[in-house]
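What follows is the content of final28.txt, which has compact mmCIF, C-alpha atoms and all ligand atoms:
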# COMPACT_ATOMS: atom_id res chain seq x y z
CA MET Q 7 0.00 0.00 0.00
CA LYS Q 8 1.34 3.41 -1.04
CA LYS Q 9 -0.23 6.83 -0.54
CA VAL Q 10 0.37 10.40 -1.63
CA VAL Q 11 -0.66 12.94 0.99
CA LYS Q 12 -1.23 16.56 0.04
CA PHE Q 13 -1.67 19.22 2.71
CA GLY Q 14 -3.36 22.55 2.06
CA GLY Q 15 -2.19 25.95 3.32
CA SER Q 16 -4.31 26.03 6.48
CA SER Q 17 -2.87 22.61 7.48
CA LEU Q 18 0.64 24.13 7.31
CA ALA Q 19 0.06 27.67 8.50
CA SER Q 20 1.97 27.33 11.81
CA ALA Q 21 4.27 25.01 13.77
CA GLU Q 22 1.22 23.72 15.64
CA GLN Q 23 -0.43 22.71 12.37
CA PHE Q 24 2.84 21.16 11.12
CA LYS Q 25 2.88 18.94 14.21
CA LYS Q 26 -0.62 17.66 13.45
CA VAL Q 27 0.53 16.94 9.89
CA GLY Q 28 3.63 15.10 11.18
CA ASP Q 29 1.43 12.93 13.42
CA ILE Q 30 -0.86 12.11 10.49
CA ILE Q 31 2.04 11.13 8.22
CA ARG Q 32 3.74 9.02 10.87
CA ALA Q 33 0.48 7.25 11.76
CA GLU Q 34 0.65 5.22 8.52
CA GLU Q 35 3.84 3.77 7.02
CA CYS Q 36 2.31 3.94 3.56
CA ARG Q 37 2.13 7.77 3.54
CA ARG Q 38 5.33 7.98 1.53
CA TYR Q 39 5.02 10.99 -0.74
CA VAL Q 40 4.08 14.39 0.65
CA VAL Q 41 2.92 17.42 -1.35
CA PRO Q 42 2.75 20.63 0.71
CA SER Q 43 1.11 23.97 -0.11
CA ALA Q 44 2.55 27.27 1.13
CA PRO Q 45 1.59 28.38 4.67
CA GLY Q 46 -2.00 29.66 4.60
CA LYS Q 47 -3.99 31.77 7.04
CA ARG Q 48 -3.40 31.17 10.77
CA PHE Q 49 -6.60 33.01 11.71
CA SER Q 50 -9.32 34.81 9.80
CA GLY Q 51 -7.95 38.11 8.56
CA ASP Q 52 -4.42 36.69 8.24
CA THR Q 53 -2.64 36.74 4.85
CA LYS Q 54 -1.53 33.62 2.95
CA VAL Q 55 2.20 33.46 2.21
CA THR Q 56 1.42 33.13 -1.52
CA ASP Q 57 -0.40 36.48 -1.41
CA MET Q 58 2.47 38.04 0.57
CA LEU Q 59 4.86 36.85 -2.15
CA TYR Q 60 2.73 38.32 -4.93
CA GLN Q 61 2.63 41.61 -3.03
CA CYS Q 62 6.35 41.63 -2.36
CA TYR Q 63 7.21 40.82 -5.98
CA GLY Q 64 4.74 43.50 -7.16
CA ALA Q 65 6.73 46.06 -5.15
CA ALA Q 66 10.01 44.81 -6.66
CA VAL Q 67 8.61 45.17 -10.18
CA ARG Q 68 7.41 48.70 -9.47
CA GLU Q 69 10.94 49.53 -8.23
CA LYS Q 70 9.58 50.06 -4.70
CA LYS Q 71 11.29 48.87 -1.53
CA PHE Q 72 10.52 45.18 -1.02
CA ALA Q 73 13.12 44.05 1.53
CA GLY Q 74 10.76 44.70 4.47
CA LEU Q 75 7.97 42.63 2.90
CA LEU Q 76 10.43 39.81 2.28
CA GLU Q 77 11.49 39.99 5.95
CA ASP Q 78 7.83 39.52 6.97
CA ILE Q 79 7.68 36.38 4.83
CA LYS Q 80 10.92 35.10 6.32
CA ALA Q 81 9.46 35.67 9.78
CA ARG Q 82 6.49 33.40 8.91
CA TYR Q 83 8.89 30.56 8.05
CA ASN Q 84 11.21 31.17 10.99
CA GLU Q 85 8.24 31.00 13.35
CA ILE Q 86 7.51 27.51 11.99
CA ILE Q 87 11.16 26.38 12.10
CA GLU Q 88 11.56 27.58 15.70
CA GLY Q 89 8.22 26.14 16.79
CA LEU Q 90 9.29 22.74 15.47
CA GLY Q 91 12.74 23.05 17.04
CA LEU Q 92 14.51 22.34 13.75
CA ASP Q 93 18.18 22.90 13.08
CA LEU Q 94 17.57 24.62 9.76
CA SER Q 95 18.31 28.05 8.32
CA LEU Q 96 16.67 29.53 5.23
CA GLU Q 97 19.04 32.54 5.15
CA LYS Q 98 20.81 31.42 1.97
CA GLU Q 99 17.50 30.67 0.24
CA PHE Q 100 16.18 34.12 1.12
CA ALA Q 101 19.37 35.78 -0.17
CA ILE Q 102 18.84 34.05 -3.54
CA ILE Q 103 15.15 34.99 -3.58
CA LYS Q 104 16.00 38.63 -2.83
CA GLU Q 105 18.50 38.73 -5.64
CA ASN Q 106 16.05 37.14 -8.09
CA PHE Q 107 13.27 39.54 -7.09
CA GLY Q 108 15.71 42.39 -7.75
CA LYS Q 109 16.27 40.96 -11.24
CA LYS Q 110 12.48 40.77 -11.71
CA ILE Q 111 12.80 37.14 -12.59
CA GLY Q 112 9.05 36.46 -12.83
CA ARG Q 113 5.77 36.51 -10.92
CA ASP Q 114 5.35 32.72 -11.06
CA TYR Q 115 8.83 32.20 -9.63
CA ALA Q 116 7.89 34.56 -6.79
CA ALA Q 117 4.65 32.73 -5.95
CA SER Q 118 6.26 29.29 -6.19
CA ARG Q 119 8.74 30.09 -3.38
CA GLY Q 120 5.91 29.63 -0.88
CA GLU Q 121 5.65 25.91 -1.64
CA TYR Q 122 9.39 25.52 -2.28
CA LEU Q 123 10.42 26.78 1.17
CA ASN Q 124 7.62 24.92 2.94
CA GLY Q 125 8.79 21.75 1.16
CA ILE Q 126 12.33 22.23 2.50
CA ILE Q 127 11.00 22.63 6.05
CA MET Q 128 8.68 19.63 5.70
CA ALA Q 129 11.45 17.36 4.34
CA ASN Q 130 13.74 18.40 7.20
CA TYR Q 131 11.01 17.86 9.80
CA LEU Q 132 10.07 14.39 8.51
CA GLY Q 133 13.55 13.24 7.47
CA TYR Q 134 12.25 12.66 3.92
CA ASP Q 135 14.07 13.45 0.61
CA PHE Q 136 13.33 16.84 -0.93
CA ILE Q 137 12.54 16.82 -4.66
CA ASP Q 138 12.29 20.28 -6.25
CA ALA Q 139 9.13 20.32 -8.41
CA ALA Q 140 11.07 22.34 -11.03
CA ASP Q 141 13.11 19.19 -11.78
CA VAL Q 142 10.17 16.84 -12.20
CA VAL Q 143 7.03 18.79 -13.25
CA PHE Q 144 7.12 20.28 -16.74
CA PHE Q 145 5.22 22.68 -18.97
CA ASP Q 146 5.57 22.91 -22.77
CA GLU Q 147 6.56 26.01 -24.83
CA ASN Q 148 2.93 27.14 -24.84
CA GLY Q 149 2.67 26.96 -21.07
CA TYR Q 150 0.50 23.83 -20.99
CA PHE Q 151 1.26 21.09 -18.49
CA ASP Q 152 3.43 18.44 -20.21
CA GLU Q 153 1.87 15.26 -18.90
CA VAL Q 154 4.03 12.77 -20.81
CA LYS Q 155 7.42 14.26 -19.98
CA THR Q 156 6.43 14.85 -16.35
CA ASN Q 157 5.18 11.32 -15.83
CA ASP Q 158 8.28 9.88 -17.42
CA VAL Q 159 10.81 11.87 -15.37
CA LEU Q 160 8.83 11.95 -12.13
CA SER Q 161 8.06 8.22 -12.02
CA LYS Q 162 11.75 7.38 -12.48
CA ARG Q 163 12.77 9.91 -9.82
CA LEU Q 164 10.23 8.56 -7.32
CA GLU Q 165 11.44 4.99 -7.85
CA GLU Q 166 14.77 6.12 -6.39
CA SER Q 167 13.15 7.64 -3.35
CA GLU Q 168 11.47 5.61 -0.65
CA ARG Q 169 9.99 8.73 1.02
CA ALA Q 170 9.96 12.24 -0.42
CA VAL Q 171 8.46 15.73 -0.24
CA ILE Q 172 7.53 17.36 -3.56
CA PRO Q 173 6.30 20.96 -3.24
CA GLY Q 174 2.97 21.67 -4.94
CA PHE Q 175 1.79 24.39 -7.33
CA TYR Q 176 4.74 24.77 -9.75
CA GLY Q 177 7.04 23.23 -12.32
CA SER Q 178 9.39 24.49 -15.01
CA MET Q 179 9.22 25.66 -18.62
CA PRO Q 180 11.51 24.27 -21.35
CA ASP Q 181 13.87 27.25 -20.79
CA GLY Q 182 14.13 26.39 -17.09
CA SER Q 183 12.02 29.30 -15.83
CA ILE Q 184 9.41 28.61 -13.18
CA LYS Q 185 5.71 28.38 -13.97
CA THR Q 186 2.79 27.80 -11.60
CA PHE Q 187 -0.62 26.22 -12.07
CA SER Q 188 -3.64 28.40 -11.31
CA ARG Q 189 -4.42 29.22 -7.67
CA GLY Q 190 -5.02 26.16 -5.52
CA GLY Q 191 -2.84 24.20 -7.94
CA SER Q 192 -1.07 22.07 -5.31
CA ASP Q 193 -4.13 19.79 -5.58
CA LEU Q 194 -3.04 19.15 -9.15
CA THR Q 195 0.55 18.38 -8.14
CA GLY Q 196 -0.87 15.83 -5.68
CA SER Q 197 -2.69 14.09 -8.55
CA ILE Q 198 0.36 14.18 -10.79
CA VAL Q 199 2.54 12.60 -8.08
CA ALA Q 200 -0.17 10.02 -7.32
CA LYS Q 201 -0.17 8.92 -10.95
CA ALA Q 202 3.62 8.83 -11.32
CA ALA Q 203 4.12 6.89 -8.07
CA LYS Q 204 1.21 4.54 -8.93
CA VAL Q 205 -0.19 4.86 -5.44
CA ASP Q 206 -3.31 3.18 -4.09
CA MET Q 207 -4.77 6.37 -2.67
CA TYR Q 208 -4.37 10.14 -2.94
CA GLU Q 209 -5.22 11.75 0.39
CA ASN Q 210 -5.96 15.46 0.19
CA TRP Q 211 -5.86 16.98 3.68
CA THR Q 212 -7.62 20.28 4.23
CA ASP Q 213 -9.62 22.07 6.93
CA VAL Q 214 -13.04 20.51 6.31
CA SER Q 215 -14.18 16.90 6.67
CA GLY Q 216 -14.83 16.45 2.97
CA PHE Q 217 -17.52 17.73 0.64
CA MET Q 218 -20.73 18.69 2.38
CA ILE Q 219 -24.11 17.83 0.86
CA ALA Q 220 -24.89 21.54 0.79
CA ASP Q 221 -22.98 24.78 1.41
CA PRO Q 222 -22.50 25.17 5.22
CA ARG Q 223 -22.90 28.94 4.84
CA ILE Q 224 -26.51 28.24 3.81
CA VAL Q 225 -27.42 25.01 5.60
CA PRO Q 226 -26.20 24.80 9.22
CA ASN Q 227 -24.02 21.71 9.89
CA PRO Q 228 -24.76 19.84 6.68
CA LYS Q 229 -23.82 16.17 6.49
CA ALA Q 230 -20.64 15.20 4.62
CA ILE Q 231 -20.75 13.22 1.38
CA GLU Q 232 -19.20 9.78 2.04
CA ALA Q 233 -18.52 8.76 -1.57
CA ILE Q 234 -18.89 10.69 -4.80
CA THR Q 235 -18.04 9.85 -8.41
CA TYR Q 236 -15.84 12.04 -10.63
CA LYS Q 237 -18.88 12.95 -12.72
CA GLU Q 238 -20.97 14.01 -9.75
CA LEU Q 239 -18.05 16.01 -8.41
CA ARG Q 240 -17.65 17.78 -11.73
CA GLU Q 241 -21.33 18.80 -11.69
CA LEU Q 242 -21.11 20.10 -8.12
CA SER Q 243 -17.76 21.91 -8.58
CA TYR Q 244 -19.05 23.57 -11.71
CA MET Q 245 -21.95 24.91 -9.70
CA GLY Q 246 -19.71 26.39 -7.07
CA ALA Q 247 -18.81 23.66 -4.56
CA THR Q 248 -15.13 24.33 -3.90
CA VAL Q 249 -12.92 22.03 -1.88
CA LEU Q 250 -10.65 20.61 -4.56
CA HIS Q 251 -9.10 22.35 -7.61
CA GLU Q 252 -11.40 21.72 -10.58
CA ASP Q 253 -8.63 20.11 -12.68
CA ALA Q 254 -7.26 17.86 -9.95
CA ILE Q 255 -9.20 14.79 -11.06
CA PHE Q 256 -7.89 14.81 -14.64
CA PRO Q 257 -4.40 13.24 -14.16
CA ILE Q 258 -5.79 10.28 -12.23
CA ARG Q 259 -9.30 9.78 -13.52
CA LYS Q 260 -8.15 6.98 -15.83
CA GLU Q 261 -5.79 5.44 -13.26
CA GLY Q 262 -8.35 4.13 -10.82
CA ILE Q 263 -6.75 6.05 -7.93
CA PRO Q 264 -9.35 7.33 -5.46
CA ILE Q 265 -8.99 10.72 -3.79
CA ASN Q 266 -9.86 10.96 -0.13
CA ILE Q 267 -10.58 14.47 1.19
CA ARG Q 268 -9.62 14.55 4.89
CA ASN Q 269 -9.56 17.07 7.72
CA THR Q 270 -6.18 17.79 9.37
CA ASN Q 271 -8.02 19.15 12.41
CA ALA Q 272 -10.26 16.07 12.72
CA PRO Q 273 -8.19 13.15 11.40
CA GLU Q 274 -10.64 10.61 12.82
CA ASP Q 275 -13.32 11.75 10.34
CA LYS Q 276 -13.44 9.57 7.23
CA GLY Q 277 -13.96 12.51 4.88
CA THR Q 278 -15.16 12.12 1.29
CA LEU Q 279 -13.98 9.43 -1.10
CA ILE Q 280 -13.88 10.49 -4.76
CA VAL Q 281 -13.96 7.54 -7.15
CA GLU Q 282 -14.49 6.74 -10.82
CA ALA Q 283 -17.46 4.47 -10.11
CA THR Q 284 -18.92 2.81 -7.06
CA CYS Q 285 -21.47 0.15 -6.15
CA ARG Q 286 -21.91 1.82 -2.79
CA HIS Q 287 -25.45 3.08 -2.57
CA PRO Q 288 -25.55 6.71 -1.54
CA LYS Q 289 -27.17 7.24 1.83
CA TYR Q 290 -29.67 9.67 0.35
CA VAL Q 291 -31.28 9.87 -3.10
CA ILE Q 292 -29.17 12.92 -3.81
CA THR Q 293 -25.40 13.19 -3.41
CA GLY Q 294 -25.22 16.97 -3.19
CA ILE Q 295 -26.80 20.34 -3.91
CA ALA Q 296 -24.90 23.35 -5.23
CA GLY Q 297 -25.85 26.57 -6.91
CA LYS Q 298 -24.81 29.93 -8.24
CA GLN Q 299 -26.50 33.29 -8.42
CA GLY Q 300 -26.28 36.03 -11.02
CA PHE Q 301 -27.82 34.67 -14.22
CA ALA Q 302 -30.00 36.38 -16.82
CA SER Q 303 -32.47 34.80 -19.23
CA ILE Q 304 -33.34 35.85 -22.76
CA THR Q 305 -36.63 34.43 -23.98
CA ILE Q 306 -37.27 34.60 -27.72
CA GLU Q 307 -40.75 34.04 -29.09
CA LYS Q 308 -41.79 33.54 -32.69
CA ALA Q 309 -44.90 31.88 -34.13
CA MET Q 310 -44.05 28.65 -36.00
CA MET Q 311 -40.48 28.72 -34.64
CA ASN Q 312 -40.44 24.92 -34.49
CA SER Q 313 -40.72 24.59 -38.27
CA GLU Q 314 -37.96 27.10 -39.03
CA ILE Q 315 -34.85 25.01 -39.62
CA GLY Q 316 -31.66 26.54 -38.23
CA PHE Q 317 -33.48 28.92 -35.85
CA CYS Q 318 -31.54 27.86 -32.72
CA ARG Q 319 -28.23 27.89 -34.55
CA LYS Q 320 -28.74 31.47 -35.77
CA VAL Q 321 -29.63 32.63 -32.25
CA LEU Q 322 -26.65 30.85 -30.71
CA GLN Q 323 -24.36 32.36 -33.35
CA VAL Q 324 -25.24 35.82 -32.01
CA PHE Q 325 -24.06 34.79 -28.53
CA GLU Q 326 -20.90 33.24 -29.95
CA ASP Q 327 -20.13 36.36 -31.99
CA ASN Q 328 -20.38 38.41 -28.80
CA GLY Q 329 -18.17 36.00 -26.84
CA ILE Q 330 -20.90 35.04 -24.37
CA SER Q 331 -21.04 31.48 -23.08
CA ILE Q 332 -24.39 29.79 -22.57
CA GLU Q 333 -25.38 27.91 -19.44
CA HIS Q 334 -28.75 26.37 -20.33
CA MET Q 335 -31.25 26.49 -23.13
CA PRO Q 336 -34.75 25.27 -22.29
CA SER Q 337 -37.22 25.53 -25.17
CA GLY Q 338 -40.94 25.33 -26.00
CA ILE Q 339 -42.74 25.01 -29.32
CA ASP Q 340 -42.62 28.68 -30.19
CA THR Q 341 -40.14 29.89 -27.58
CA MET Q 342 -36.55 29.35 -26.66
CA THR Q 343 -34.78 30.67 -23.59
CA VAL Q 344 -31.07 31.18 -23.23
CA LEU Q 345 -29.52 31.45 -19.77
CA VAL Q 346 -26.25 33.35 -19.44
CA HIS Q 347 -24.06 34.88 -16.74
CA GLN Q 348 -25.51 38.29 -16.04
CA SER Q 349 -22.10 39.94 -15.58
CA GLU Q 350 -20.93 38.72 -19.01
CA PHE Q 351 -24.19 39.66 -20.69
CA GLU Q 352 -24.99 43.09 -19.25
CA GLU Q 353 -22.48 45.17 -21.16
CA LYS Q 354 -23.29 43.51 -24.48
CA GLU Q 355 -27.04 43.30 -23.92
CA GLN Q 356 -28.19 45.73 -26.63
CA LYS Q 357 -25.79 44.33 -29.21
CA VAL Q 358 -27.12 40.83 -28.58
CA LEU Q 359 -30.74 41.97 -28.85
CA ALA Q 360 -30.04 43.74 -32.14
CA GLY Q 361 -28.18 40.67 -33.39
CA ILE Q 362 -31.11 38.36 -32.58
CA HIS Q 363 -33.59 40.70 -34.27
CA GLN Q 364 -31.47 40.73 -37.41
CA ALA Q 365 -30.81 37.01 -37.39
CA VAL Q 366 -34.30 35.56 -36.81
CA GLN Q 367 -36.87 38.41 -36.75
CA PRO Q 368 -38.63 37.21 -33.57
CA ASP Q 369 -42.13 38.33 -32.49
CA SER Q 370 -40.78 39.35 -29.09
CA ILE Q 371 -37.76 39.11 -26.81
CA GLU Q 372 -38.06 39.19 -23.02
CA LEU Q 373 -35.23 39.63 -20.57
CA GLU Q 374 -35.14 38.62 -16.96
CA SER Q 375 -32.26 39.18 -14.57
CA ASP Q 376 -31.21 38.21 -11.02
CA LEU Q 377 -31.77 34.50 -11.45
CA ALA Q 378 -30.02 31.66 -9.66
CA LEU Q 379 -29.38 28.09 -10.80
CA ILE Q 380 -29.40 25.18 -8.38
CA ALA Q 381 -28.11 21.73 -9.33
CA ILE Q 382 -29.45 18.70 -7.49
CA VAL Q 383 -26.89 15.99 -8.24
CA GLY Q 384 -26.88 12.28 -7.53
CA ARG Q 385 -26.22 8.90 -9.12
CA GLY Q 386 -29.02 7.64 -6.85
CA MET Q 387 -31.59 9.62 -8.88
CA ARG Q 388 -31.11 7.42 -11.94
CA SER Q 389 -34.21 5.35 -12.67
CA LYS Q 390 -35.74 6.49 -9.41
CA ARG Q 391 -39.33 7.66 -9.71
CA GLY Q 392 -40.55 10.78 -8.01
CA THR Q 393 -37.33 12.73 -7.52
CA SER Q 394 -38.44 15.73 -9.53
CA GLY Q 395 -41.86 15.53 -7.88
CA ARG Q 396 -40.18 15.85 -4.49
CA ILE Q 397 -38.05 18.72 -5.68
CA PHE Q 398 -41.02 20.71 -6.87
CA SER Q 399 -43.22 19.98 -3.90
CA ALA Q 400 -40.39 21.02 -1.53
CA LEU Q 401 -39.93 24.27 -3.43
CA ALA Q 402 -43.66 24.93 -3.58
CA HIS Q 403 -43.97 24.45 0.19
CA ALA Q 404 -41.12 26.90 0.68
CA HIS Q 405 -43.01 29.41 -1.53
CA VAL Q 406 -40.27 29.33 -4.16
CA ASN Q 407 -41.36 29.84 -7.75
CA VAL Q 408 -39.46 27.67 -10.25
CA LYS Q 409 -38.51 29.66 -13.36
CA MET Q 410 -36.75 26.88 -15.27
CA ILE Q 411 -36.09 23.15 -15.14
CA ASP Q 412 -33.40 21.18 -16.92
CA GLN Q 413 -32.68 17.51 -16.41
CA GLY Q 414 -29.48 16.14 -17.95
CA SER Q 415 -30.12 13.03 -20.04
CA SER Q 416 -27.70 11.07 -17.85
CA GLU Q 417 -30.23 11.54 -15.01
CA LEU Q 418 -27.33 12.58 -12.87
CA ASN Q 419 -28.58 16.07 -12.21
CA ILE Q 420 -31.63 18.28 -12.26
CA VAL Q 421 -31.08 22.01 -12.54
CA VAL Q 422 -33.74 24.46 -11.42
CA GLY Q 423 -33.76 28.21 -11.98
CA VAL Q 424 -35.18 30.44 -9.23
CA ARG Q 425 -34.99 34.13 -8.38
CA ASN Q 426 -31.78 35.22 -6.60
CA HIS Q 427 -33.72 36.18 -3.48
CA ASP Q 428 -35.20 32.65 -3.22
CA PHE Q 429 -31.80 30.99 -3.62
CA GLU Q 430 -30.91 30.17 -0.01
CA ASN Q 431 -34.46 29.33 0.96
CA ALA Q 432 -34.66 26.89 -1.97
CA ILE Q 433 -31.42 25.13 -1.02
CA ARG Q 434 -32.56 24.74 2.58
CA ALA Q 435 -35.90 23.32 1.42
CA LEU Q 436 -34.17 20.79 -0.85
CA TYR Q 437 -31.72 19.72 1.86
CA ASP Q 438 -34.61 19.35 4.25
CA ILE Q 439 -36.68 17.09 2.04
CA PHE Q 440 -33.86 14.82 0.85
CA VAL Q 441 -31.62 14.66 3.91
CA ILE Q 442 -33.55 15.56 7.05
CA THR Q 443 -37.13 14.41 6.55
CA LYS Q 444 -36.27 11.93 3.76
CA ILE Q 445 -39.95 11.82 2.71
N1 LIG O 501 -0.33 28.40 -2.50
C1 LIG O 501 -1.07 28.43 -3.72
C2 LIG O 501 -2.34 29.24 -3.54
O1 LIG O 501 -2.53 29.87 -2.51
C3 LIG O 501 -1.32 27.06 -4.27
C4 LIG O 501 -2.04 26.11 -3.36
O2 LIG O 501 -2.17 26.35 -2.16
O3 LIG O 501 -2.50 25.08 -3.84
O4 LIG O 501 -3.13 29.27 -4.43

Since I need it in another form, could you write the structure as C-alpha cells?
Amino acid sequence: MKKVVKFGGSSLASAEQFKKVGDIIRAEECRRYVVPSAPGKRFSGDTKVTDMLYQCYGAAVREKKFAGLLEDIKARYNEIIEGLGLDLSLEKEFAIIKENFGKKIGRDYAASRGEYLNGIIMANYLGYDFIDAADVVFFDENGYFDEVKTNDVLSKRLEESERAVIPGFYGSMPDGSIKTFSRGGSDLTGSIVAKAAKVDMYENWTDVSGFMIADPRIVPNPKAIEAITYKELRELSYMGATVLHEDAIFPIRKEGIPINIRNTNAPEDKGTLIVEATCRHPKYVITGIAGKQGFASITIEKAMMNSEIGFCRKVLQVFEDNGISIEHMPSGIDTMTVLVHQSEFEEKEQKVLAGIHQAVQPDSIELESDLALIAIVGRGMRSKRGTSGRIFSALAHAHVNVKMIDQGSSELNIVVGVRNHDFENAIRALYDIFVITKI
C-alpha cells in the first residue's frame, strides 16, 4: 500500500499545524510521498504566504522597496522552524530569492517560493528526501502542463526515493524558468505525483471533513458526502462547490486512484472518497446540492419557430459572436430561452438583442435578470421515480417559484432556476426534504 498525501495551506500555517501533519504522516507507514502547499492563514484576517509573495514581488517590479515585505515572509517561516525546534536556516535561500526579485525574474517564480520553502522545512522535519518540483514537473513552450514528460521523469525519480516531499503548485518551462498552475494548484501536483508513483490512494488533507451535501454557509451543519463519483463532483464543482481544484481529477481519472478528502483538524473523520465508479449506494437519493446566483435569461418568441430550420443555430451564433457562453437552453414550441451569466451579458445586452432581431426576426424578446441556478446531483436519482416531484413539492412548500427546469439526459442532475432572493431558501428546502425528513 502506497499513498500520496497533500496538505493545504491552512494545514501548514503554523508550527502547531505542522505537528498535526507530522502525526498524520507518521500514523501510517504507507504515507510515503508528501505534497505541501505554502503556509496559509493562521486566523481569519491573516494573509496567505502566496499572497504576501505576490505583493512583495509587485513592489520589486514597481521599483519600490521590497526588503521589508520579504522579511515579513521570512518571519512566517522562521516562526515555523523555531516552533518545530529544527536545526535549519533559510538565510541562503532568502538571499537568492532577494537577488532574483531584484532581477524581476518572474511573478510565477515569486509565488512558487511559498511551496518551495515549505517543502524544504517539511522534508527536514520528517527526514524525507526533498525533490524540487522544477526538476520533475514540466510545462511545454505554450505553457501547458506536459503530462508525458512529467510522468516519465517523475516516475523514475520517485522509484529512487522511498519517502519524499515534492512541493505543490509549480514546475518548469523548457527554458528552465518557473511556472505555476492556477491558484489552488497544489491539488493538481498531488494528482500528478499520485499517478507517477502509482499509489493506491491520494489523500488530500484540508480544513473541512470532505464535501458537504450543501454549502455550510446556507445550511447549518450539513452532512458530509461519504462517496462521490468524478462525474458528480464535476457537476457540483461547476456549480460552485469548492474544496478541490477543478482540474485535480484529470491526471488520475483513468488510473483508478481514489482521492480521499480529509480534515487535518479532525483526522478521525473519514472525509469524502472520490472515485471513478462505485457500487456503494448513496445514503440519500441525492449526493449533493450546489448553486450559483447572477444569471439572466433571454426568452425569444416567434410563431411557428419549431418549423424554421436553423433557428436555434442562428440565435446561438449571435451569442458566440459576442463572446458570451451559454449555461442552459430550455425551449418550447414557439419559444426558446437562453440562460447566461448576467455579468458577461450586461455590457453587451443591446448588441445581442439587435443581433437576434437581425438574425431571426422574432415576435418578441423578453429579458429577466437576477436568477439563480441550483443543481441537485446524484447517481441515486437514476431510474428512481418521483425525484423531480419531491423537488417541486419542496420548493412549492417553501413558496419558491421555479422559473426553469433542466434535467441532464444522464439523469445525474436536475437544474432548477429560481430568483436570486429565493436561492438560499430553496437550497434549505431541498436539503430538508432529501436529507432531514427523507420523505
Ligand atoms: N499556494 C497556492 C495558492 O494559494 C497554491 C495552493 O495552495 O494550492 O493558491

Return as JSON the centre and edge lengths, in Å with one decimal, of the box along x, y and z that encloses every atom of ligand LIG 501 (chain O) in the file, padded by 4 Å per side.
{"center_x": -1.7, "center_y": 27.5, "center_z": -3.3, "size_x": 10.8, "size_y": 12.8, "size_z": 10.3}

| note | For Ala365 of chain Q, the closest of Q:Cys318, Q:Ile103, Q:Leu418, Q:Val225 counting all atoms listed in the file is Q:Cys318

| Atom-to-atom span, atom CA of Ala254 of chain Q and atom CA of Arg48 of chain Q, Å | 24.9 Å

| query | Separation of atom CA of Ala81 of chain Q and atom CA of Ile184 of chain Q, in Å? | reply | 24.0 Å

| Counting all atoms listed in the file, what is within 10 Å of Gly329 of chain Q, bar same-chain residues fewer than 6 positions away, as a PyMOL selection string? | chain Q and resi 323+350-351+354

Identify, counting all atoms listed in the file, the protein, DNA and RNA residues located within 10 Å of ligand LIG 501 (chain O), and give them as a compact mmCIF listing (two decimals) with C-alpha atoms, in the coordinates of the input.
# COMPACT_ATOMS: atom_id res chain seq x y z
CA LYS Q 12 -1.23 16.56 0.04
CA PHE Q 13 -1.67 19.22 2.71
CA GLY Q 14 -3.36 22.55 2.06
CA GLY Q 15 -2.19 25.95 3.32
CA SER Q 16 -4.31 26.03 6.48
CA VAL Q 41 2.92 17.42 -1.35
CA PRO Q 42 2.75 20.63 0.71
CA SER Q 43 1.11 23.97 -0.11
CA ALA Q 44 2.55 27.27 1.13
CA PRO Q 45 1.59 28.38 4.67
CA GLY Q 46 -2.00 29.66 4.60
CA LYS Q 47 -3.99 31.77 7.04
CA LYS Q 54 -1.53 33.62 2.95
CA VAL Q 55 2.20 33.46 2.21
CA THR Q 56 1.42 33.13 -1.52
CA ASP Q 57 -0.40 36.48 -1.41
CA LEU Q 59 4.86 36.85 -2.15
CA ALA Q 117 4.65 32.73 -5.95
CA SER Q 118 6.26 29.29 -6.19
CA ARG Q 119 8.74 30.09 -3.38
CA GLY Q 120 5.91 29.63 -0.88
CA GLU Q 121 5.65 25.91 -1.64
CA PRO Q 173 6.30 20.96 -3.24
CA GLY Q 174 2.97 21.67 -4.94
CA PHE Q 175 1.79 24.39 -7.33
CA TYR Q 176 4.74 24.77 -9.75
CA THR Q 186 2.79 27.80 -11.60
CA PHE Q 187 -0.62 26.22 -12.07
CA SER Q 188 -3.64 28.40 -11.31
CA ARG Q 189 -4.42 29.22 -7.67
CA GLY Q 190 -5.02 26.16 -5.52
CA GLY Q 191 -2.84 24.20 -7.94
CA SER Q 192 -1.07 22.07 -5.31
CA ASP Q 193 -4.13 19.79 -5.58
CA LEU Q 194 -3.04 19.15 -9.15
CA THR Q 195 0.55 18.38 -8.14
CA GLY Q 196 -0.87 15.83 -5.68
CA LEU Q 250 -10.65 20.61 -4.56
CA HIS Q 251 -9.10 22.35 -7.61

| request: Write out as an MDAnalysis selection string which residues come within 6 Å of segment 84-98 of chain Q when counting all atoms listed in the file, dropping same-chain ones fewer than 3 positions away. | output: chainID Q and resid 20:21 81 101

Which residues are close to Met179 of chain Q, i.e. within 12 Å by all atoms listed in the file, leaving aside same-chain residues fewer than 6 positions away? Reply as a short mmCIF file (atom, residue, chain, number, x, y, z; two decimals) with C-alpha atoms, keeping the file's coordinate frame.
data_model
loop_
_atom_site.label_atom_id
_atom_site.label_comp_id
_atom_site.auth_asym_id
_atom_site.auth_seq_id
_atom_site.Cartn_x
_atom_site.Cartn_y
_atom_site.Cartn_z
CA ASP Q 114 5.35 32.72 -11.06
CA TYR Q 115 8.83 32.20 -9.63
CA ALA Q 139 9.13 20.32 -8.41
CA ALA Q 140 11.07 22.34 -11.03
CA ASP Q 141 13.11 19.19 -11.78
CA VAL Q 142 10.17 16.84 -12.20
CA VAL Q 143 7.03 18.79 -13.25
CA PHE Q 144 7.12 20.28 -16.74
CA PHE Q 145 5.22 22.68 -18.97
CA ASP Q 146 5.57 22.91 -22.77
CA GLU Q 147 6.56 26.01 -24.83
CA ASN Q 148 2.93 27.14 -24.84
CA GLY Q 149 2.67 26.96 -21.07
CA TYR Q 150 0.50 23.83 -20.99
CA PHE Q 151 1.26 21.09 -18.49
CA ASP Q 152 3.43 18.44 -20.21
CA LYS Q 155 7.42 14.26 -19.98
CA THR Q 156 6.43 14.85 -16.35
CA LYS Q 185 5.71 28.38 -13.97
CA THR Q 186 2.79 27.80 -11.60
CA PHE Q 187 -0.62 26.22 -12.07
#

| task | Show me as a ChimeraX atom specification the residues that reach within 8 Å of (11.5, 40.1, -6.3), counting all atoms listed in the file and using the file's own coordinates. | result | /Q:62-67,72,103-112,116

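Residues in contact with segment 406-417 of chain Q at up to 9 Å, not including ones fewer than 4 positions away on its chain and judged by all atoms listed in the file, are His334, Met335, Pro336, Leu377, Leu379, Val383, Gly384, Arg385, Met387, Arg388, Ser389, Phe398, Ala400, Leu401, Ala402, Val421, Val422, Gly423, Val424, Arg425, Asp428, Phe429, Asn431 and Ala432 of chain Q.
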